[in-house]
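Q: Below you will find the structure I want to go over with you.
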Amino acid sequence: MNSVVSSNRSQRWNEGNRSMVSSFILLAFSEFPHLQVPLFLGFLIIYTVTVLENLGMIFIIRINPKLHTPMYFFLSHLSFVDFCYTSVIAPKLLDLLLVEDKTISFEGCMAQYFLGCTFVITEMFMLAVMAYDRFVAVCNPLLYTVAMSHQLCSLLVVVTYIWAVLFSSTLTYILLQLSYCGPNVINHFCCEYSALLSVSCSDTSFSQTACLIISMLNEACCLLIIITSYAFIVVTVIKIPTKGALRKAFSTCASHLTAIGVCHGIVLLLYCVLKSKSSLFLVKVATVFHSMVIPMLNTFIYSFRNKDVKETLRKLVYLKYIFRSI
């Protein structure tokens, strides 16, 4: 009898002890000890450029009345999301490369996952909303400003943020219901869903299924909106007898298609291709590309093709030169 009671107490203590992990150890790129400083400098440059680009784009859109259009309204929010997403991931990565202490608190890890997941989903649906905007611009150009009113644009952006928060909250809640035990070592540089499941002591079958369903739902909804929008665009352009119509439509949508291809390509690579333990390094590289390089490239993709953006930049540089000369 005493042995049974002792066994039950021991079991309860072990179960409670398993869930009392207060921190995780993020290995980051510790397999390359001699590359820590070069990696730090490289990622620091990328992060600095990304922050300056995205905040600069928001500022340029604000000060140039010619850019107060639905497309640039959505682009300003995309730049904000990119800035926030890379700022959730990059500072901790830089810290891991520079200091010996590679721990992150349990609360900090969950907060990083929640914010990162929120901004990833927001970016995906923001690109889908921008595809709808291009559909209206090409298929109904005369009523474009009426159809894409400020109220509708604001509503679409708000719904996008709410949708992202809803699903990221659901996934974070699922993670919080799990028990975590040692070794609390995560072979990654951020708190990613599958990495957290790998250090859990609980049955993760439901968590994996929930993540799969939510990921497939979001990806399917985004791709459905994007494919439908561009299908209507192609049909509309084919019906236009003007010779340069196809080239003009492609020029209008090329930057957006490039951003969509890069973003969804990396997401599919991360969650559908790179699954085995032997590809952990490739997972890290793809995550760096998704969290730091894509937010940097998005601004290049959209800004360098637009004459109004380039003209505003030239004016800012000219004004800065005049003020320095005074």
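Letters for chains follow the order of the structure tokens (A, B, ...), residue numbers begin at 1 for each chain, and ligand numbers begin at 1 in the order shown.
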Can you tell me which residues surround Ser215 in chain A at a distance of at most 12 Å, considering only C-alpha atoms, apart from same-chain residues fewer than 3 positions away, and format the answer as a list in words?
A: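 Here the answer would be Cys117, Val120, Ile121, Met124, Ala164, Phe167, Ser168, Thr170, Leu171, Tyr193, Gln208, Thr209, Ala210, Cys211, Leu212, Asn218, Glu219, Ala220, Cys221, Cys222, His264, Val267, Leu268, Leu270, Tyr271 and Cys272 of chain A.
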Q: Could you find all residues in range 123-264 of chain A that DSSP calls helix (DSSP H, G or I) from the backbone, and write them as a PyMOL selection string?
A: chain A and resi 123-139+141-147+150-176+193-198+205-239+245-264
Q: Point out the residue among A:Val309, A:Val165, A:Ile226, A:Ile174 with the least atom-to-atom distance to His68 in chain A, counting only C-alpha atoms.
A: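 Checking each of A:Val309, A:Val165, A:Ile226, A:Ile174 against His68 in chain A, counting only C-alpha atoms, the winner is A:Val309.
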Q: Could you tell me how far CA of Ile294 in chain A sits from CA of Thr258 in chain A, in Å to one decimal place?
A: 10.9 Å
Q: For CA of Cys181 in chain A and CA of Tyr85 in chain A, quote the distance in Å rounded to one decimal.
A: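 Spanning CA of Cys181 in chain A to CA of Tyr85 in chain A is a straight-line distance of 28.4 Å.
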Q: Return as a PyMOL selection string the full set of residues in range 22-152 of chain A whose backbone-based DSSP assignment is strand (DSSP E).
A: chain A and resi 23-26+103-105
Q: Using the selection just defined, write its residues with N, CA and C atoms as a PDB file, in the first residue's frame.
A:
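The resulting file, out-v4.pdb, is shown below:
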ATOM      1  N   SER A  23      12.979  27.595 -19.176  1.00  0.00           N
ATOM      2  CA  SER A  23      13.686  28.191 -20.308  1.00  0.00           C
ATOM      3  C   SER A  23      14.067  27.119 -21.320  1.00  0.00           C
ATOM      4  N   PHE A  24      14.415  27.566 -22.512  1.00  0.00           N
ATOM      5  CA  PHE A  24      14.900  26.679 -23.563  1.00  0.00           C
ATOM      6  C   PHE A  24      16.283  27.151 -24.000  1.00  0.00           C
ATOM      7  N   ILE A  25      17.047  26.228 -24.558  1.00  0.00           N
ATOM      8  CA  ILE A  25      18.361  26.557 -25.110  1.00  0.00           C
ATOM      9  C   ILE A  25      18.270  26.486 -26.634  1.00  0.00           C
ATOM     10  N   LEU A  26      18.514  27.606 -27.297  1.00  0.00           N
ATOM     11  CA  LEU A  26      18.472  27.677 -28.753  1.00  0.00           C
ATOM     12  C   LEU A  26      19.890  27.531 -29.301  1.00  0.00           C
ATOM     13  N   THR A 103      20.062  30.877 -23.884  1.00  0.00           N
ATOM     14  CA  THR A 103      18.756  30.532 -23.338  1.00  0.00           C
ATOM     15  C   THR A 103      17.708  31.576 -23.698  1.00  0.00           C
ATOM     16  N   ILE A 104      16.482  31.130 -23.705  1.00  0.00           N
ATOM     17  CA  ILE A 104      15.322  32.012 -23.857  1.00  0.00           C
ATOM     18  C   ILE A 104      14.267  31.519 -22.871  1.00  0.00           C
ATOM     19  N   SER A 105      13.635  32.419 -22.171  1.00  0.00           N
ATOM     20  CA  SER A 105      12.651  32.020 -21.173  1.00  0.00           C
ATOM     21  C   SER A 105      11.452  31.352 -21.828  1.00  0.00           C
TER      22      SER A 105
END
Q: What is the CA of Leu282 in chain A to CA of Leu27 in chain A distance in Å?
A: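 So the answer is 14.6 Å.
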Q: For Leu152 in chain A, work out the shell of residues within 12 Å, counting only C-alpha atoms and skipping chain neighbours fewer than 5 positions away, then give it as a compact mmCIF listing (two decimals) with C-alpha atoms, in the first residue's frame.
A:
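Written out: around_6.txt:
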# COMPACT_ATOMS: atom_id res chain seq x y z
CA PRO A 70 -5.29 51.37 -52.31
CA PHE A 73 -2.14 51.54 -48.59
CA PHE A 74 -1.80 47.74 -48.55
CA VAL A 129 -5.73 41.12 -50.48
CA TYR A 132 -7.73 41.19 -55.18
CA ASP A 133 -6.70 44.83 -55.48
CA TYR A 144 -11.27 51.26 -59.28
CA THR A 145 -11.23 54.14 -56.78
CA VAL A 146 -14.95 53.67 -56.09
CA ALA A 147 -14.78 49.89 -55.72
CA VAL A 157 -6.69 45.09 -43.43
CA VAL A 158 -8.49 44.82 -40.07
CA VAL A 159 -9.99 41.44 -40.98
Q: From the options A:Ile58, A:Met130, A:Cys201, A:Leu166, which residue's atoms come nearest to Ser79 in chain A, counting only C-alpha atoms?
A: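 Counting only C-alpha atoms, the residue closest to Ser79 in chain A is A:Ile58.
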Q: Select, from A:Ser229, A:Ser30, A:Ser22, A:Thr312, the residue with the minimum atom-to-atom distance to Glu100 in chain A, counting only C-alpha atoms.
A: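 Ranking A:Ser229, A:Ser30, A:Ser22, A:Thr312 by distance to Glu100 in chain A, first place goes to A:Ser30.
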